[in-house]
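The file entry_38.csv comes next; it holds CSV, C-alpha atoms.
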```csv
chain,number,residue,atom,x,y,z
H,1,MET,CA,9.9,-15.3,11.0
H,2,ALA,CA,13.4,-16.1,10.0
H,3,LEU,CA,16.0,-15.6,12.7
H,4,PHE,CA,18.2,-12.5,12.1
H,5,GLY,CA,21.5,-13.5,10.5
H,6,ARG,CA,20.1,-16.8,9.4
H,7,ARG,CA,18.3,-17.5,6.1
H,8,SER,CA,15.5,-20.1,5.9
H,9,PRO,CA,15.1,-22.1,2.7
H,10,PRO,CA,13.3,-20.0,0.1
H,11,LEU,CA,9.8,-20.9,-0.8
H,12,VAL,CA,9.5,-23.0,-3.9
H,13,GLY,CA,7.8,-21.2,-6.8
H,14,ILE,CA,4.4,-22.2,-8.3
H,15,ARG,CA,3.8,-22.5,-12.0
H,16,ALA,CA,0.4,-24.3,-12.3
H,17,ASP,CA,0.3,-23.9,-16.1
H,18,ALA,CA,3.7,-24.2,-17.8
H,19,LYS,CA,2.7,-22.4,-20.9
H,20,ARG,CA,1.1,-19.4,-19.2
H,21,SER,CA,3.8,-19.1,-16.6
H,22,GLY,CA,6.4,-19.5,-19.4
H,23,ASP,CA,4.9,-16.4,-21.1
H,24,ILE,CA,5.2,-14.4,-17.9
H,25,ASP,CA,8.8,-15.7,-17.2
H,26,ASP,CA,9.9,-14.9,-20.7
H,27,TYR,CA,8.6,-11.3,-20.5
H,28,VAL,CA,10.2,-10.6,-17.1
H,29,ALA,CA,13.5,-12.1,-18.2
H,30,GLY,CA,13.6,-9.6,-21.0
H,31,GLU,CA,13.0,-6.7,-18.6
H,32,ILE,CA,15.4,-7.3,-15.7
H,33,GLU,CA,19.0,-8.6,-15.3
H,34,ALA,CA,19.4,-11.8,-13.5
H,35,LYS,CA,22.1,-10.2,-11.2
H,36,GLY,CA,20.2,-6.9,-10.8
H,37,PRO,CA,17.3,-5.8,-8.6
H,38,GLY,CA,14.3,-8.0,-9.0
H,39,LEU,CA,10.6,-8.8,-8.5
H,40,ALA,CA,8.3,-11.2,-6.6
H,41,LEU,CA,5.1,-11.9,-8.5
H,42,ALA,CA,2.0,-13.8,-7.4
H,43,VAL,CA,-1.1,-14.5,-9.5
H,44,VAL,CA,-4.3,-15.8,-8.1
H,45,ALA,CA,-7.0,-17.2,-10.5
H,46,ASP,CA,-10.2,-18.9,-9.6
H,47,GLY,CA,-9.2,-19.0,-5.9
H,48,ARG,CA,-5.8,-20.8,-6.6
H,49,VAL,CA,-2.3,-19.4,-6.6
H,50,VAL,CA,-1.4,-20.2,-10.2
H,51,HIS,CA,1.9,-18.4,-10.5
H,52,GLN,CA,4.3,-17.5,-7.7
H,53,ALA,CA,7.9,-16.7,-8.5
H,54,GLY,CA,10.9,-14.6,-7.7
H,55,TYR,CA,13.2,-12.9,-10.3
H,56,GLY,CA,16.5,-11.1,-10.0
H,57,MET,CA,18.2,-10.1,-6.7
H,58,ALA,CA,16.8,-9.2,-3.3
H,59,ASP,CA,20.3,-8.0,-2.3
H,60,VAL,CA,22.7,-7.3,-5.2
H,61,ALA,CA,25.8,-6.9,-3.2
H,62,GLU,CA,25.4,-10.2,-1.4
H,63,GLY,CA,24.1,-12.1,-4.4
H,64,VAL,CA,20.8,-13.0,-2.7
H,65,ALA,CA,18.1,-13.9,-5.2
H,66,VAL,CA,14.5,-12.8,-4.8
H,67,ALA,CA,12.4,-15.8,-3.6
H,68,PRO,CA,8.6,-16.0,-3.9
H,69,ASP,CA,8.4,-15.1,-0.2
H,70,THR,CA,11.0,-12.3,0.0
H,71,ILE,CA,9.8,-9.4,2.1
H,72,PHE,CA,9.3,-6.1,0.4
H,73,HIS,CA,7.9,-2.7,1.5
H,74,LEU,CA,4.3,-2.4,0.3
H,75,ALA,CA,4.5,1.5,0.0
H,76,SER,CA,1.3,3.2,-1.0
H,77,CYS,CA,-0.6,0.0,-1.7
H,78,GLY,CA,-1.0,-0.1,2.0
H,79,LYS,CA,-3.6,2.7,1.8
H,80,GLN,CA,-6.2,0.1,1.1
H,81,LEU,CA,-5.4,-1.5,4.5
H,82,THR,CA,-5.9,1.8,6.3
H,83,ALA,CA,-9.3,2.0,4.6
H,84,LEU,CA,-10.1,-1.6,5.5
H,85,GLY,CA,-9.2,-0.9,9.2
H,86,LEU,CA,-11.6,2.1,9.3
H,87,GLN,CA,-14.3,-0.1,7.7
H,88,MET,CA,-13.8,-2.7,10.4
H,89,LEU,CA,-14.1,-0.1,13.1
H,90,ALA,CA,-17.3,1.3,11.4
H,91,GLU,CA,-18.8,-2.3,11.4
H,92,ASP,CA,-17.9,-2.4,15.1
H,93,GLY,CA,-20.0,0.7,15.6
H,94,LYS,CA,-17.0,2.8,16.8
H,95,LEU,CA,-17.1,5.4,14.0
H,96,ALA,CA,-19.0,6.5,10.9
H,97,LEU,CA,-17.2,7.2,7.7
H,98,ASP,CA,-19.0,10.6,7.4
H,99,ASP,CA,-17.7,11.7,10.7
H,100,PRO,CA,-15.5,14.8,10.5
H,101,ILE,CA,-11.8,14.3,11.3
H,102,GLY,CA,-12.0,16.8,14.1
H,103,LYS,CA,-14.3,14.4,16.1
H,104,PHE,CA,-11.3,12.1,16.6
H,105,ILE,CA,-8.4,14.6,16.4
H,106,PRO,CA,-9.7,17.8,18.1
H,107,GLN,CA,-6.3,19.6,17.4
H,108,ILE,CA,-7.4,19.9,13.7
H,109,SER,CA,-11.1,20.6,14.1
H,110,ASP,CA,-10.5,23.8,12.3
H,111,PHE,CA,-10.6,21.8,9.1
H,112,GLY,CA,-14.4,21.9,9.6
H,113,THR,CA,-17.1,19.4,9.3
H,114,GLY,CA,-16.6,18.9,5.5
H,115,VAL,CA,-13.2,17.2,6.0
H,116,THR,CA,-14.6,13.7,6.9
H,117,LEU,CA,-13.1,10.3,7.0
H,118,ARG,CA,-14.8,9.6,3.7
H,119,THR,CA,-13.3,12.6,1.9
H,120,LEU,CA,-9.9,11.7,3.3
H,121,LEU,CA,-10.3,8.1,2.0
H,122,HIS,CA,-11.4,9.4,-1.4
H,123,HIS,CA,-8.6,12.1,-1.6
H,124,THR,CA,-11.3,14.7,-2.0
H,125,SER,CA,-10.8,16.4,1.4
H,126,GLY,CA,-8.8,19.2,-0.2
H,127,ILE,CA,-6.3,19.4,2.6
H,128,ARG,CA,-2.7,20.1,2.0
H,129,ASP,CA,-0.3,17.1,1.5
H,130,LEU,CA,2.8,17.7,3.6
H,131,TYR,CA,4.9,15.6,1.2
H,132,ASP,CA,6.0,18.6,-0.9
H,133,ASP,CA,9.4,20.2,-0.2
H,134,THR,CA,8.0,23.0,2.0
H,135,GLY,CA,5.7,20.6,3.9
H,136,ILE,CA,8.6,18.2,4.6
H,137,ASP,CA,10.6,21.0,5.9
H,138,GLU,CA,7.8,22.1,8.2
H,139,VAL,CA,7.4,18.6,9.6
H,140,LEU,CA,11.1,18.1,10.1
H,141,ALA,CA,11.5,21.5,11.8
H,142,ARG,CA,9.2,20.0,14.5
H,143,ASN,CA,10.9,16.6,14.8
H,144,ALA,CA,13.8,15.2,12.9
H,145,ASN,CA,12.2,11.7,13.1
H,146,PRO,CA,8.5,12.5,12.9
H,147,THR,CA,5.6,10.4,14.0
H,148,ASN,CA,1.9,10.8,13.2
H,149,ALA,CA,1.7,13.2,16.2
H,150,ASP,CA,4.1,15.5,14.4
H,151,ILE,CA,1.9,15.5,11.3
H,152,ILE,CA,-1.1,16.5,13.4
H,153,ARG,CA,0.9,19.1,15.2
H,154,THR,CA,2.1,20.6,11.9
H,155,PHE,CA,-1.4,20.8,10.5
H,156,ALA,CA,-2.6,22.4,13.7
H,157,GLU,CA,0.2,25.0,13.9
H,158,LEU,CA,-0.1,25.9,10.3
H,159,GLY,CA,-3.8,26.6,10.8
H,160,CYS,CA,-5.2,23.5,9.0
H,161,PRO,CA,-4.2,24.5,5.5
H,162,MET,CA,-6.0,23.4,2.4
H,163,ALA,CA,-4.1,22.4,-0.8
H,164,GLU,CA,-5.1,25.7,-2.4
H,165,GLU,CA,-6.6,28.9,-1.0
H,166,GLY,CA,-10.4,28.9,-1.3
H,167,LEU,CA,-10.6,25.2,-1.9
H,168,GLU,CA,-13.6,23.5,-0.3
H,169,PRO,CA,-13.8,19.8,0.7
H,170,GLY,CA,-15.1,17.8,-2.3
H,171,ASP,CA,-14.0,20.4,-5.0
H,172,VAL,CA,-11.2,18.3,-6.5
H,173,PHE,CA,-9.4,15.0,-6.3
H,174,ALA,CA,-6.0,15.7,-4.7
H,175,TYR,CA,-4.0,12.7,-3.6
H,176,SER,CA,-2.8,13.2,0.0
H,177,ASN,CA,-0.4,10.9,1.9
H,178,SER,CA,-0.8,13.2,4.9
H,179,GLY,CA,-4.6,12.6,4.8
H,180,TYR,CA,-4.1,8.9,5.1
H,181,GLU,CA,-1.7,9.5,8.0
H,182,LEU,CA,-4.5,11.3,9.8
H,183,LEU,CA,-6.7,8.2,9.1
H,184,GLY,CA,-4.0,6.0,10.6
H,185,SER,CA,-4.1,8.1,13.7
H,186,VAL,CA,-7.9,7.7,13.9
H,187,ILE,CA,-7.5,3.9,13.8
H,188,GLU,CA,-5.1,4.2,16.8
H,189,ARG,CA,-7.3,6.6,18.8
H,190,VAL,CA,-10.6,4.7,18.2
H,191,SER,CA,-9.2,1.2,18.6
H,192,GLY,CA,-7.0,1.9,21.6
H,193,HIS,CA,-4.1,0.1,19.9
H,194,SER,CA,-1.1,1.2,17.9
H,195,TYR,CA,-1.5,1.0,14.2
H,196,HIS,CA,1.0,-1.9,14.1
H,197,ASP,CA,-0.9,-3.9,16.8
H,198,PHE,CA,-4.3,-3.2,15.4
H,199,PHE,CA,-3.5,-4.8,12.1
H,200,ALA,CA,-1.5,-7.6,13.7
H,201,ARG,CA,-4.5,-8.5,15.9
H,202,ARG,CA,-7.4,-7.9,13.4
H,203,VAL,CA,-5.9,-8.8,10.1
H,204,PHE,CA,-2.5,-10.5,9.9
H,205,GLN,CA,-2.6,-13.0,12.7
H,206,PRO,CA,-6.2,-14.2,11.9
H,207,LEU,CA,-5.3,-14.7,8.3
H,208,GLY,CA,-1.9,-16.3,8.9
H,209,MET,CA,0.0,-13.5,7.2
H,210,LYS,CA,3.1,-14.2,9.3
H,211,ASP,CA,5.5,-12.0,7.2
H,212,THR,CA,3.3,-8.9,7.0
H,213,PHE,CA,3.7,-6.1,9.5
H,214,SER,CA,3.7,-2.3,9.9
H,215,VAL,CA,6.6,-0.3,11.2
H,216,PRO,CA,7.9,0.0,13.8
H,217,ASP,CA,8.9,-3.7,13.8
H,218,PRO,CA,12.3,-5.4,14.3
H,219,ARG,CA,11.5,-7.6,11.2
H,220,VAL,CA,12.6,-4.7,9.1
H,221,GLY,CA,16.1,-6.1,9.7
H,222,ASP,CA,15.2,-9.6,8.8
H,223,VAL,CA,17.6,-11.2,6.4
H,224,ARG,CA,14.6,-12.1,4.2
H,225,CYS,CA,13.9,-8.4,3.6
H,226,ALA,CA,14.9,-7.1,0.2
H,227,VAL,CA,17.2,-4.1,-0.2
H,228,GLY,CA,15.6,-1.1,-2.0
H,229,TYR,CA,17.5,0.4,-4.9
H,230,ARG,CA,17.6,3.7,-6.9
H,231,TYR,CA,19.7,5.3,-9.5
H,232,ASN,CA,21.9,8.2,-8.4
H,233,ASP,CA,22.6,11.4,-10.4
H,234,ARG,CA,25.3,9.5,-12.4
H,235,GLU,CA,22.7,6.8,-13.3
H,236,GLU,CA,24.5,4.3,-11.1
H,237,LEU,CA,22.6,1.8,-9.0
H,238,GLU,CA,22.8,2.4,-5.3
H,239,GLU,CA,20.9,1.3,-2.1
H,240,ALA,CA,18.2,3.8,-1.5
H,241,GLY,CA,18.3,3.7,2.3
H,242,GLY,CA,15.6,5.0,4.6
H,243,THR,CA,13.9,8.4,4.9
H,244,GLU,CA,13.0,10.7,7.8
H,245,PHE,CA,9.3,9.9,7.2
H,246,ASP,CA,9.7,6.1,7.6
H,247,GLY,CA,8.1,6.1,11.0
H,248,LEU,CA,4.8,7.5,9.8
H,249,VAL,CA,1.8,5.1,9.5
H,250,GLY,CA,-1.4,5.2,7.5
H,251,SER,CA,-0.2,6.2,4.0
H,252,GLY,CA,2.0,3.2,3.5
H,253,SER,CA,4.0,1.6,6.3
H,254,PHE,CA,3.7,-2.1,5.7
H,255,TYR,CA,6.1,-4.9,4.7
H,256,THR,CA,4.8,-8.0,3.1
H,257,THR,CA,5.3,-11.0,0.8
H,258,GLY,CA,3.5,-12.4,-2.3
H,259,PRO,CA,2.2,-15.5,-0.4
H,260,ASP,CA,0.8,-13.3,2.4
H,261,LEU,CA,-1.0,-11.1,-0.2
H,262,CYS,CA,-2.6,-14.2,-1.7
H,263,LEU,CA,-4.1,-14.9,1.8
H,264,TYR,CA,-5.3,-11.4,1.9
H,265,GLU,CA,-6.9,-11.8,-1.5
H,266,ARG,CA,-8.8,-14.8,-0.3
H,267,ALA,CA,-10.1,-12.9,2.7
H,268,LEU,CA,-11.3,-10.0,0.5
H,269,ARG,CA,-13.1,-12.4,-1.9
H,270,THR,CA,-14.8,-14.3,0.9
H,271,TYR,CA,-15.7,-11.3,3.1
H,272,ALA,CA,-13.6,-12.7,5.9
H,273,LEU,CA,-12.6,-9.2,7.2
H,274,VAL,CA,-15.6,-7.0,6.4
H,275,SER,CA,-19.0,-7.5,4.9
H,276,GLU,CA,-19.9,-7.7,1.2
H,277,ALA,CA,-21.6,-4.3,1.6
H,278,SER,CA,-18.4,-2.8,3.0
H,279,MET,CA,-16.4,-4.3,0.1
H,280,GLU,CA,-18.9,-2.8,-2.4
H,281,GLU,CA,-18.4,0.6,-0.7
H,282,ALA,CA,-14.6,0.3,-0.9
H,283,PHE,CA,-14.9,-0.4,-4.6
H,284,THR,CA,-17.3,2.6,-5.3
H,285,THR,CA,-15.7,5.7,-6.8
H,286,GLY,CA,-15.7,8.9,-5.0
H,287,GLU,CA,-17.2,12.0,-6.6
H,288,THR,CA,-16.3,15.7,-6.6
H,289,ASN,CA,-18.9,18.3,-5.6
H,290,ASP,CA,-19.9,18.7,-9.3
H,291,GLY,CA,-20.7,15.0,-9.6
H,292,GLU,CA,-17.5,14.0,-11.5
H,293,ALA,CA,-16.3,10.5,-10.7
H,294,THR,CA,-12.7,10.3,-9.4
H,295,ASN,CA,-12.2,6.6,-10.2
H,296,TYR,CA,-10.8,6.2,-6.7
H,297,GLY,CA,-12.5,4.4,-3.9
H,298,PHE,CA,-11.1,3.5,-0.5
H,299,GLY,CA,-7.4,3.0,-1.3
H,300,TRP,CA,-8.2,1.6,-4.8
H,301,TYR,CA,-8.1,3.2,-8.3
H,302,PHE,CA,-10.5,1.8,-10.9
H,303,GLY,CA,-9.9,1.0,-14.6
H,304,ASP,CA,-9.9,-1.8,-17.1
H,305,GLN,CA,-7.3,-3.8,-19.1
H,306,ASP,CA,-8.7,-4.9,-22.4
H,307,GLY,CA,-12.2,-5.2,-21.0
H,308,ILE,CA,-11.4,-6.7,-17.6
H,309,LEU,CA,-12.4,-4.4,-14.8
H,310,PHE,CA,-9.8,-3.9,-12.1
H,311,ALA,CA,-9.3,-2.2,-8.8
H,312,ASP,CA,-5.6,-1.4,-8.4
H,313,HIS,CA,-2.9,0.7,-6.8
H,314,GLU,CA,0.8,1.4,-7.2
H,315,GLY,CA,3.3,2.3,-4.6
H,316,GLU,CA,6.8,3.6,-4.4
H,317,TRP,CA,9.0,4.3,-1.4
H,318,ALA,CA,12.6,4.1,-0.4
H,319,GLY,CA,13.7,2.0,-3.3
H,320,PHE,CA,10.7,-0.3,-3.3
H,321,ARG,CA,7.8,-0.4,-5.7
H,322,SER,CA,4.6,-2.3,-5.5
H,323,TYR,CA,1.5,-3.0,-7.6
H,324,ILE,CA,-1.8,-4.7,-6.5
H,325,CYS,CA,-4.4,-5.5,-9.2
H,326,TYR,CA,-7.7,-7.1,-8.2
H,327,SER,CA,-10.3,-7.9,-10.8
H,328,LEU,CA,-13.8,-6.8,-10.1
H,329,ASP,CA,-15.6,-9.0,-12.6
H,330,ARG,CA,-13.7,-12.3,-12.4
H,331,PRO,CA,-11.6,-14.1,-9.8
H,332,LEU,CA,-8.2,-12.9,-10.9
H,333,SER,CA,-5.6,-10.9,-8.9
H,334,MET,CA,-2.0,-10.0,-9.2
H,335,PHE,CA,0.6,-8.9,-6.6
H,336,LEU,CA,3.9,-7.4,-7.6
H,337,LEU,CA,6.6,-6.4,-5.2
H,338,SER,CA,9.9,-5.1,-6.5
H,339,ASN,CA,13.2,-3.3,-5.6
H,340,HIS,CA,13.9,-2.5,-9.3
H,341,PRO,CA,14.1,1.3,-9.9
H,342,ASP,CA,12.4,1.3,-13.3
H,343,LEU,CA,10.6,-1.9,-14.0
H,344,ASP,CA,7.1,-1.2,-15.3
H,345,LEU,CA,5.0,-3.3,-12.9
H,346,VAL,CA,1.8,-2.4,-14.5
H,347,GLU,CA,3.0,-3.8,-17.8
H,348,VAL,CA,4.1,-7.0,-16.1
H,349,ALA,CA,0.7,-7.3,-14.6
H,350,ASN,CA,-0.8,-6.8,-18.1
H,351,VAL,CA,1.2,-9.7,-19.4
H,352,ALA,CA,0.0,-11.9,-16.6
H,353,THR,CA,-3.6,-10.8,-17.2
H,354,ASP,CA,-3.3,-11.7,-20.9
H,355,ALA,CA,-1.9,-15.1,-19.9
H,356,TYR,CA,-4.8,-15.8,-17.6
H,357,ARG,CA,-7.7,-14.0,-19.2
```

Just give me the structure of the file as structure tokens.
Amino acid sequence: MALFGRRSPPLVGIRADAKRSGDIDDYVAGEIEAKGPGLALAVVADGRVVHQAGYGMADVAEGVAVAPDTIFHLASCGKQLTALGLQMLAEDGKLALDDPIGKFIPQISDFGTGVTLRTLLHHTSGIRDLYDDTGIDEVLARNANPTNADIIRTFAELGCPMAEEGLEPGDVFAYSNSGYELLGSVIERVSGHSYHDFFARRVFQPLGMKDTFSVPDPRVGDVRCAVGYRYNDREELEEAGGTEFDGLVGSGSFYTTGPDLCLYERALRTYALVSEASMEEAFTTGETNDGEATNYGFGWYFGDQDGILFADHEGEWAGFRSYICYSLDRPLSMFLLSNHPDLDLVEVANVATDAYR
């Protein structure tokens, strides 16, 4: 970790193939301004980091460029880590993914036996997401700086509401950040550790992911952390700042770097964290009650890009944006971390895919 107030030398970029990396560099250069918000991009092919680079500015006001190892908020891409943590605990024999949420959080047992860890992982639980305007007000009325305990309290005091009246678990795919926060609380209750410490002990320290952490953590103030940006009502660039929900864990509370995500990719490919069977389960689509595939597994969406099958996820939070793209039929992955308000990260990944197909 870099000392606060002191900047360590930036990591040197990697461009294993000049032509392929040149194609990626040229595209990104046409999409961002050199002195504007930027992007860190890492590409892994055949088990090697073949492209690792920073573009644009991590801090526009201070003129600090994005380095390959600049720290960014991972946002909703962190949901796959919550899922991974639950699978690790399942392999430990401490829970089963078809257990109802009320088994671990009795305050919300009124959700019934149909709201299981699996339906929450698949976003088919049907529970209300408290991230709409009314839900946010309900949570903040209970605590101006809420924790996961306040999410649980809100659900309990509202009578365990579903997203729509009459909705049953499994009826529809309904993306729920709050559902993943409940899963984050399950990790804490079952493991006996905070969410932060569980992942530090079980994932980040063993893999050498020295710059990856969940909040709360003092490294949020590290000089290597990028600044998040947004456009205001006048279409002027400004720092996004934090939100009242920044202390919640489970739905997306990690900070990380491109190099650390490359270590994570290797662990997934080699089954260093969970078994091959668990990885196959994570990459299996959920289904609604009528048998319709949701194309969403355990924190991963599924699709293809010109015939290449991918598991992927996007994230956006507090001026940060992220995209993880992991090929299911060849050893190719891409990790994109950005503080640019409107850069199309999926299209950047598509360009990188074309370069390395």

Can you tell me which residues surround Asp92 in chain H at a distance of at most 12 Å, considering all atoms listed in the file, apart from same-chain residues fewer than 5 positions away, and format the answer as a list of chain:residue names? H:Gly85, H:Leu86, H:Gln87, H:Val190, H:Ser191, H:Arg202, H:Leu273, H:Val274, H:Ser275

Go through range 80-177 of chain H residue by residue and, counting only C-alpha atoms, keep those with an atom at most 12 Å from range 253-257 of chain H; for each kept residue give the shortest atom pair and its distance in Å to one decimal, ordered by chain and increasing number, as a tab-separated table.
```
residue	atom	partner	partner_atom	distance
H:Gln80	CA	H:Phe254	CA	11.1
H:Leu81	CA	H:Phe254	CA	9.2
H:Thr82	CA	H:Ser253	CA	9.9
H:Thr147	CA	H:Ser253	CA	11.8
H:Asn148	CA	H:Ser253	CA	11.7
H:Asn177	CA	H:Ser253	CA	11.2
```

Top pick for closest residue to Asp129 in chain H, considering H:Phe298, H:Pro161, H:Val220, H:Asp211 and counting only C-alpha atoms: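 Under the stated criterion, the closest residue is H:Pro161.
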
A straight line from CA of Val43 in chain H to CA of Tyr326 in chain H spans 10.0 Å

Counting all atoms listed in the file, which of H:Gly135, H:Phe335, H:Glu347, H:Gly22 gets nearest to Ala45 in chain H?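 Ranked by minimum distance to Ala45 in chain H, first place goes to H:Phe335.
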
Using all atoms listed in the file, what does the table of range 7-75 of chain H residues within 12 Å of range 233-238 of chain H look like, with each row giving the shortest atom pair and its distance in Å to one decimal, sorted by chain and ascending number, as CSV?
```
residue,atom,partner,partner_atom,distance
H:Gly36,CA,H:Leu237,CA,9.2
H:Pro37,CA,H:Leu237,CA,9.3
H:Asp59,CA,H:Glu238,CA,11.1
H:Val60,CA,H:Glu238,CA,9.7
H:Ala61,CA,H:Glu238,CA,10.0
```

Exercise: Phe111 in chain H partners within 6 Å, all atoms listed in the file, chain neighbours under 2 positions left out, as a PyMOL selection string: chain H and resi 108-109+160

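If all atoms listed in the file are the atoms counted, then among H:Gly47, H:Leu337, H:Trp300, H:Tyr264 the closest residue to Val203 in chain H is H:Tyr264.
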
Using only C-alpha atoms for the distances, tell me which of H:Ser251, H:Gln305, H:Asn339, H:Asn232 is nearest to His123 in chain H.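 The answer is H:Ser251, which sits nearest to His123 in chain H.
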
Contacts of Arg189 in chain H within 8 Å, all atoms listed in the file, excl. fewer than 4 positions in-chain, as a PyMOL selection string: chain H and resi 104+185+193

So, counting all atoms listed in the file, which residue among H:Gly297, H:Pro218, H:Gly166, H:Pro68 is closest to Leu121 in chain H? H:Gly297

List every protein, DNA or RNA residue that has an atom no more than 6 Å from (16.8, 2.2, -6.7) in the file's coordinate frame, counting only C-alpha atoms, and report them as a PyMOL selection string. chain H and resi 228-231+240+319+341

Considering all atoms listed in the file, return as a PDB file with C-alpha atoms, keeping the file's coordinate frame whatever protein or nucleic-acid residues lie within 12 Å of Leu97 in chain H, sequence-local ones (same chain, fewer than 6 positions apart) excluded.
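Dumped everything to result00.pdb:
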```
ATOM      1  CA  ALA H  83      -9.300   2.000   4.600  1.00  0.00           C
ATOM      2  CA  LEU H  84     -10.100  -1.600   5.500  1.00  0.00           C
ATOM      3  CA  GLY H  85      -9.200  -0.900   9.200  1.00  0.00           C
ATOM      4  CA  LEU H  86     -11.600   2.100   9.300  1.00  0.00           C
ATOM      5  CA  GLN H  87     -14.300  -0.100   7.700  1.00  0.00           C
ATOM      6  CA  MET H  88     -13.800  -2.700  10.400  1.00  0.00           C
ATOM      7  CA  LEU H  89     -14.100  -0.100  13.100  1.00  0.00           C
ATOM      8  CA  ALA H  90     -17.300   1.300  11.400  1.00  0.00           C
ATOM      9  CA  GLU H  91     -18.800  -2.300  11.400  1.00  0.00           C
ATOM     10  CA  LYS H 103     -14.300  14.400  16.100  1.00  0.00           C
ATOM     11  CA  PHE H 104     -11.300  12.100  16.600  1.00  0.00           C
ATOM     12  CA  GLY H 114     -16.600  18.900   5.500  1.00  0.00           C
ATOM     13  CA  VAL H 115     -13.200  17.200   6.000  1.00  0.00           C
ATOM     14  CA  THR H 116     -14.600  13.700   6.900  1.00  0.00           C
ATOM     15  CA  LEU H 117     -13.100  10.300   7.000  1.00  0.00           C
ATOM     16  CA  ARG H 118     -14.800   9.600   3.700  1.00  0.00           C
ATOM     17  CA  THR H 119     -13.300  12.600   1.900  1.00  0.00           C
ATOM     18  CA  LEU H 120      -9.900  11.700   3.300  1.00  0.00           C
ATOM     19  CA  LEU H 121     -10.300   8.100   2.000  1.00  0.00           C
ATOM     20  CA  HIS H 122     -11.400   9.400  -1.400  1.00  0.00           C
ATOM     21  CA  LEU H 183      -6.700   8.200   9.100  1.00  0.00           C
ATOM     22  CA  VAL H 186      -7.900   7.700  13.900  1.00  0.00           C
ATOM     23  CA  ILE H 187      -7.500   3.900  13.800  1.00  0.00           C
ATOM     24  CA  SER H 278     -18.400  -2.800   3.000  1.00  0.00           C
ATOM     25  CA  GLU H 281     -18.400   0.600  -0.700  1.00  0.00           C
ATOM     26  CA  ALA H 282     -14.600   0.300  -0.900  1.00  0.00           C
ATOM     27  CA  PHE H 298     -11.100   3.500  -0.500  1.00  0.00           C
TER      28      PHE H 298
END
```

Find, counting all atoms listed in the file, the residue in H:Phe310, H:Lys210, H:Val49, H:Asp150 that gets nearest to Ile136 in chain H. H:Asp150

Could you give me, as a list in words, the residues that have an atom at most 7 Å away from the point (1.6, 3.6, -4.0) in the coordinates of the file, using only C-alpha atoms? Ala75, Ser76, Cys77, His313, Glu314, Gly315, Glu316 and Ser322 of chain H

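Summary of the local environment: counting all atoms listed in the file, residues at most 9 Å from Leu328 in chain H, other than itself and those fewer than 2 positions away along its chain, are Phe283, Ile308, Leu309, Phe310, Ala311, Tyr326, Arg330, Pro331 and Leu332 of chain H.
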
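Rounded to one decimal, CA of Met209 in chain H and CA of Ala277 in chain H lie 24.1 Å from each other.
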
Can you measure CA of Glu188 in chain H to CA of Glu265 in chain H for me? One decimal in Å is fine. 24.4 Å
